[in-house]
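Source file: coords.cif; contents: mmCIF, C-alpha atoms.
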data_entry
#
loop_
_atom_site.label_atom_id
_atom_site.label_comp_id
_atom_site.auth_asym_id
_atom_site.auth_seq_id
_atom_site.Cartn_x
_atom_site.Cartn_y
_atom_site.Cartn_z
CA MET A 1 50.54 14.61 62.53
CA LYS A 2 48.14 17.35 61.44
CA ARG A 3 50.14 17.88 58.23
CA LEU A 4 50.00 14.19 57.50
CA LEU A 5 46.23 14.11 58.08
CA PHE A 6 45.72 17.19 55.86
CA PHE A 7 47.85 15.65 53.09
CA PHE A 8 45.89 12.41 53.39
CA LEU A 9 42.52 14.21 53.09
CA VAL A 10 43.68 16.25 50.09
CA THR A 11 44.91 13.08 48.40
CA ILE A 12 41.60 11.27 49.01
CA VAL A 13 39.55 14.22 47.69
CA GLY A 14 41.82 14.54 44.66
CA LEU A 15 41.59 10.84 43.82
CA THR A 16 37.82 10.96 44.25
CA LEU A 17 37.50 13.89 41.83
CA ILE A 18 39.84 12.26 39.31
CA GLY A 19 37.85 9.02 39.54
CA ARG A 20 34.56 10.87 39.02
CA VAL A 21 35.89 12.74 35.99
CA PHE A 22 37.22 9.48 34.55
CA TYR A 23 33.82 7.83 35.06
CA LEU A 24 31.89 10.68 33.44
CA GLN A 25 34.25 11.25 30.53
CA ILE A 26 35.36 7.74 29.68
CA ILE A 27 32.89 5.21 31.05
CA LYS A 28 29.62 7.17 30.79
CA GLY A 29 30.71 9.64 28.15
CA ASP A 30 29.22 7.72 25.24
CA SER A 31 25.98 7.15 27.14
CA TYR A 32 25.49 10.86 27.88
CA LYS A 33 26.43 11.73 24.34
CA LEU A 34 23.83 9.32 23.03
CA LYS A 35 21.15 10.73 25.31
CA SER A 36 22.02 14.25 24.17
CA GLU A 37 21.81 13.19 20.54
CA LEU A 38 18.51 11.40 21.06
CA ASN A 39 17.00 14.56 22.55
CA ALA A 40 17.88 16.31 19.27
CA VAL A 41 16.51 13.50 17.11
CA LYS A 42 12.97 13.28 15.78
CA SER A 43 11.64 9.87 14.75
CA ILE A 44 8.93 9.75 12.09
CA TYR A 45 7.12 6.52 11.37
CA ASP A 46 6.50 5.47 7.79
CA ILE A 47 3.13 3.72 7.67
CA PRO A 48 3.05 0.85 5.17
CA GLU A 49 0.40 0.32 2.54
CA ARG A 50 -2.23 -2.15 3.56
CA GLY A 51 -2.48 -5.23 1.34
CA PHE A 52 -4.91 -5.18 -1.59
CA ILE A 53 -7.88 -7.55 -1.77
CA TYR A 54 -8.73 -9.30 -5.05
CA ASP A 55 -11.58 -11.60 -6.04
CA ARG A 56 -10.99 -15.12 -7.44
CA ASP A 57 -10.53 -13.78 -10.99
CA GLY A 58 -8.04 -11.08 -10.01
CA ASP A 59 -10.52 -8.18 -9.99
CA LEU A 60 -9.42 -5.52 -7.50
CA MET A 61 -12.00 -5.06 -4.72
CA VAL A 62 -10.08 -3.04 -2.12
CA ALA A 63 -7.11 -0.70 -2.71
CA ASN A 64 -5.57 2.29 -0.88
CA GLN A 65 -5.48 6.06 -1.09
CA VAL A 66 -3.03 8.50 0.50
CA ALA A 67 -4.09 10.48 3.57
CA TYR A 68 -2.37 12.58 6.24
CA ASP A 69 -2.83 12.76 10.00
CA ILE A 70 -1.92 15.97 11.84
CA MET A 71 0.00 14.80 14.91
CA MET A 72 1.24 16.52 18.07
CA ILE A 73 3.87 15.63 20.71
CA PRO A 74 3.05 17.42 24.02
CA LYS A 75 6.63 17.74 25.31
CA GLU A 76 7.66 19.59 22.13
CA LEU A 77 4.75 22.02 22.30
CA LYS A 78 5.59 25.72 22.56
CA LYS A 79 3.47 28.86 22.64
CA PHE A 80 1.74 29.36 19.31
CA ASP A 81 -0.91 31.44 17.59
CA THR A 82 -4.00 29.42 18.49
CA LEU A 83 -6.32 31.35 16.18
CA GLN A 84 -4.01 30.88 13.18
CA LEU A 85 -3.67 27.14 13.80
CA CYS A 86 -7.42 26.75 14.28
CA THR A 87 -7.96 28.49 10.94
CA LEU A 88 -5.45 26.21 9.20
CA LEU A 89 -6.95 23.09 10.73
CA GLN A 90 -10.52 24.31 10.30
CA MET A 91 -11.15 23.50 13.94
CA ASP A 92 -12.68 25.63 16.70
CA LYS A 93 -10.54 26.68 19.66
CA THR A 94 -12.42 24.58 22.22
CA ARG A 95 -11.99 21.36 20.24
CA LEU A 96 -8.28 22.04 19.61
CA LYS A 97 -7.64 22.56 23.33
CA SER A 98 -9.58 19.39 24.10
CA LYS A 99 -7.51 17.34 21.62
CA ILE A 100 -4.26 18.74 23.03
CA GLN A 101 -5.34 17.86 26.57
CA ASP A 102 -6.27 14.33 25.49
CA ALA A 103 -2.81 13.97 23.95
CA LYS A 104 -1.16 15.14 27.19
CA ASP A 105 -3.23 12.71 29.23
CA TRP A 106 -2.20 9.82 26.97
CA SER A 107 1.53 10.52 26.61
CA TRP A 108 3.89 13.50 26.85
CA GLN A 109 6.51 11.91 24.63
CA LYS A 110 4.52 10.12 21.92
CA GLY A 111 2.60 11.62 19.02
CA SER A 112 -1.19 11.82 19.16
CA VAL A 113 -3.63 12.48 16.33
CA ILE A 114 -5.14 15.98 16.36
CA VAL A 115 -6.79 15.89 12.93
CA PRO A 116 -7.11 12.50 11.21
CA GLN A 117 -7.15 11.42 7.59
CA LEU A 118 -6.80 14.59 5.53
CA THR A 119 -6.82 14.14 1.76
CA GLN A 120 -3.91 15.41 -0.36
CA GLU A 121 -6.01 18.42 -1.36
CA GLU A 122 -6.86 19.24 2.27
CA PHE A 123 -3.26 18.77 3.40
CA ALA A 124 -1.63 20.90 0.66
CA PRO A 125 -2.34 24.32 2.31
CA LEU A 126 -0.94 23.01 5.63
CA GLN A 127 2.25 21.44 4.32
CA GLU A 128 4.59 24.42 4.73
CA LYS A 129 2.70 26.45 7.33
CA LEU A 130 2.64 23.59 9.84
CA ARG A 131 6.38 24.08 10.38
CA LYS A 132 5.63 27.30 12.26
CA PHE A 133 4.03 25.32 15.09
CA PRO A 134 6.59 23.32 17.15
CA GLY A 135 5.22 20.01 18.34
CA PHE A 136 2.86 19.59 15.38
CA TYR A 137 3.72 17.48 12.35
CA ALA A 138 2.08 15.47 9.58
CA GLN A 139 2.19 11.70 9.26
CA LYS A 140 1.44 10.07 5.94
CA ARG A 141 -0.74 6.98 5.88
CA SER A 142 -2.97 5.06 3.49
CA LEU A 143 -6.72 4.69 3.80
CA ARG A 144 -8.89 2.06 2.24
CA LYS A 145 -10.35 2.74 -1.19
CA TYR A 146 -13.20 0.39 -2.02
CA MET A 147 -13.35 -0.34 -5.72
CA VAL A 148 -16.77 -1.97 -5.41
CA ASP A 149 -20.08 -0.74 -4.01
CA HIS A 150 -21.04 -4.11 -2.57
CA SER A 151 -19.70 -6.85 -0.25
CA ALA A 152 -19.33 -4.56 2.78
CA SER A 153 -20.59 -7.28 5.13
CA VAL A 154 -17.88 -9.72 4.05
CA LEU A 155 -15.02 -7.30 3.29
CA GLY A 156 -15.43 -5.49 6.61
CA TYR A 157 -13.81 -2.14 7.38
CA ILE A 158 -10.97 -0.50 9.31
CA ARG A 159 -11.07 1.90 12.23
CA GLU A 160 -8.65 3.80 14.47
CA VAL A 161 -7.33 1.57 17.24
CA SER A 162 -8.59 2.13 20.76
CA PRO A 163 -6.37 3.10 23.73
CA GLU A 164 -7.05 -0.37 25.17
CA LYS A 165 -5.66 -2.08 22.06
CA ILE A 166 -2.58 0.16 22.12
CA LYS A 167 -1.86 -0.92 25.71
CA LYS A 168 -2.24 -4.60 24.81
CA ASP A 169 -0.27 -4.53 21.56
CA PRO A 170 2.85 -2.27 21.38
CA ARG A 171 2.88 -2.55 17.57
CA TYR A 172 0.00 -0.08 17.47
CA GLN A 173 0.18 3.64 18.26
CA SER A 174 -2.32 6.47 18.48
CA GLY A 175 -3.91 7.06 15.09
CA ASP A 176 -3.13 3.59 13.69
CA LEU A 177 -5.89 1.77 11.83
CA SER A 178 -6.86 -1.88 12.12
CA GLY A 179 -9.51 -4.22 10.76
CA LYS A 180 -12.79 -4.19 12.67
CA ALA A 181 -14.97 -6.68 10.80
CA GLY A 182 -15.02 -9.23 7.99
CA ILE A 183 -11.91 -10.02 5.97
CA GLU A 184 -10.18 -6.85 7.23
CA LEU A 185 -10.37 -8.17 10.79
CA GLN A 186 -9.78 -11.85 10.05
CA TYR A 187 -6.57 -11.15 8.08
CA GLU A 188 -5.42 -8.07 9.99
CA GLN A 189 -1.90 -9.38 10.65
CA GLU A 190 -1.33 -10.27 6.99
CA LEU A 191 -2.85 -7.10 5.56
CA ARG A 192 -1.36 -4.48 7.91
CA GLY A 193 2.33 -4.77 7.01
CA LYS A 194 5.22 -3.50 9.12
CA LYS A 195 6.07 0.13 9.89
CA GLY A 196 9.32 1.79 8.93
CA VAL A 197 10.96 4.63 10.83
CA LYS A 198 13.20 7.53 9.84
CA HIS A 199 15.31 9.53 12.30
CA PHE A 200 16.09 13.21 11.71
CA ILE A 201 18.24 15.82 13.45
CA ARG A 202 16.10 18.74 14.60
CA ASP A 203 16.94 22.39 13.93
CA HIS A 204 16.59 25.03 16.66
CA TYR A 205 12.86 25.24 15.89
CA GLY A 206 12.46 21.50 16.51
CA ARG A 207 11.84 20.77 12.82
CA PRO A 208 13.40 17.76 11.02
CA LYS A 209 16.51 19.03 9.24
CA GLU A 210 18.75 16.18 8.10
CA SER A 211 19.01 12.42 8.41
CA TYR A 212 20.49 11.16 11.69
CA GLU A 213 23.74 9.18 11.23
CA ASN A 214 23.09 9.11 7.47
CA GLY A 215 20.07 6.87 7.98
CA ARG A 216 22.06 4.20 9.82
CA TYR A 217 19.17 3.46 12.18
CA ASP A 218 16.34 3.96 9.68
CA THR A 219 14.13 1.09 8.60
CA ILE A 220 11.90 0.81 5.55
CA PRO A 221 8.22 -0.14 5.74
CA ASN A 222 7.03 -3.52 4.51
CA SER A 223 3.68 -3.38 2.72
CA GLY A 224 0.93 -5.74 3.78
CA LEU A 225 0.36 -8.94 1.84
CA ASP A 226 -2.15 -8.87 -1.02
CA LEU A 227 -5.06 -11.21 -0.52
CA THR A 228 -7.03 -13.18 -3.11
CA VAL A 229 -10.39 -14.43 -1.85
CA THR A 230 -12.69 -17.08 -3.33
CA LEU A 231 -15.53 -14.60 -3.86
CA ASP A 232 -16.70 -13.79 -7.38
CA ASN A 233 -16.96 -10.02 -7.79
CA ASP A 234 -19.73 -10.10 -10.43
CA LEU A 235 -21.70 -12.74 -8.54
CA GLN A 236 -21.49 -10.67 -5.36
CA ALA A 237 -22.90 -7.63 -7.17
CA TYR A 238 -25.72 -9.71 -8.69
CA ALA A 239 -26.60 -11.31 -5.34
CA GLU A 240 -26.88 -7.91 -3.67
CA LEU A 241 -29.10 -6.73 -6.53
CA LEU A 242 -31.40 -9.70 -5.91
CA MET A 243 -31.54 -8.83 -2.19
CA LYS A 244 -32.37 -5.16 -2.71
CA ASN A 245 -35.13 -4.02 -0.31
CA LYS A 246 -35.18 -7.49 1.24
CA ARG A 247 -33.94 -9.08 4.44
CA GLY A 248 -31.94 -12.28 4.52
CA GLY A 249 -28.84 -13.71 2.91
CA ILE A 250 -27.43 -15.60 -0.03
CA VAL A 251 -24.56 -18.09 0.07
CA ALA A 252 -23.20 -19.84 -3.03
CA ILE A 253 -20.57 -22.56 -2.63
CA GLU A 254 -18.48 -24.43 -5.19
CA PRO A 255 -19.47 -28.07 -4.41
CA GLN A 256 -16.19 -29.63 -5.53
CA THR A 257 -13.90 -27.45 -3.42
CA GLY A 258 -16.15 -25.93 -0.76
CA GLU A 259 -15.03 -22.41 -1.80
CA ILE A 260 -17.49 -19.62 -1.06
CA LEU A 261 -18.37 -17.83 -4.29
CA THR A 262 -20.97 -15.50 -2.86
CA LEU A 263 -21.77 -14.35 0.66
CA VAL A 264 -24.36 -11.58 0.94
CA THR A 265 -26.56 -10.37 3.77
CA ALA A 266 -29.29 -7.76 3.54
CA PRO A 267 -29.89 -5.00 4.35
CA TYR A 268 -26.38 -3.91 3.35
CA TYR A 269 -24.39 -0.69 3.01
CA ASP A 270 -21.74 0.97 0.84
CA PRO A 271 -18.34 -0.06 2.27
CA ALA A 272 -16.80 3.28 1.25
CA ARG A 273 -19.06 5.09 3.75
CA ILE A 274 -17.65 3.19 6.69
CA GLU A 275 -14.30 5.08 6.59
#

This structure in structure tokens:
Amino acid sequence: MKRLLFFFLVTIVGLTLIGRVFYLQIIKGDSYKLKSELNAVKSIYDIPERGFIYDRDGDLMVANQVAYDIMMIPKELKKFDTLQLCTLLQMDKTRLKSKIQDAKDWSWQKGSVIVPQLTQEEFAPLQEKLRKFPGFYAQKRSLRKYMVDHSASVLGYIREVSPEKIKKDPRYQSGDLSGKAGIELQYEQELRGKKGVKHFIRDHYGRPKESYENGRYDTIPNSGLDLTVTLDNDLQAYAELLMKNKRGGIVAIEPQTGEILTLVTAPYYDPARIE
């Protein structure tokens, strides 16, 4: 009887182990493999160009210029030479620590902006040296370039999105820009475009090395739509000249169509200085 009971227990244990191995290797094998691969994959978003804004005659009023954000992912952070990084970023130690802590408080797994909107000239010295600091990387984006020195009140401006907006709208992430006033705000969805994303295999330093699955899961960015407004560029400039050192506004409308040719309020400001 005891032999029979022992044989029965051994059989049950053996079948249990075989079943567990089968489950892990066959049923869940692909799932664990995918998780392992994802831990070795770095996803970098490709920010699309914002749509251009033209006046009624096709004169370009608002374009774009390339800029770079220095980003950081807390969970990928390793010990680094703080003084060297501060020198590269031209940032004091206290501010760097504060930005890193803010990033940790927001998300351990998502990238946060440490230094925003560097020009190509400012980014050039950082391009290769940034690889020495695991967790830090650069993200390319486009900033607004105002081709006119008038119409700020109607064109509006863009600003970095707030944490509240990120929580409400998953399409936005830390460091993203969105319209805050005027045409930029009113036509935000049309102008902003759609992000692309590229996935890379990391090397042992955590740096992007090669495309994941030959780019099978990559997507390309879609630029924002260009916008042609009814405003007359020359008339806008002339109206602001008339309102110099005055308070008030000027509105000129095409009677036959109701199109707004001029919309100026004073005092006004240079739209390029809002960035």

### Query
Could you write out as a PyMOL selection string the residues that the PyMOL selection byres ((chain A and resi 80) around 12) matches in the shown file?
chain A and resi 76-79+81-86+130-136

### Message
I'd like the neighbourhood of segment 261-270 of chain A as a ChimeraX atom specification, where a residue qualifies if any of its atoms comes within 10 Å (using all atoms listed in the file), though same-chain residues fewer than 5 positions away should be ignored.
### Response
/A:55-56,146,148-154,229-240,242-254

#### Entry: Residues near segment 190-194 of chain A, cut-off 8 Å, only C-alpha atoms, skip fewer than 3 positions along chain, as a PyMOL selection string
chain A and resi 47-52+178+184+187+221-227

#### Entry: Residue IDs satisfying the PyMOL selection byres ((chain A and resi 157) around 7), as a VMD selection string
chain A and resid 155 to 156 158 to 159 179 to 181 184 274

### Task
Report the distance between atom CA of Lys198 of chain A and atom CA of Ile220 of chain A in Å, rounded to one decimal place.
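It comes out at 8.1 Å.
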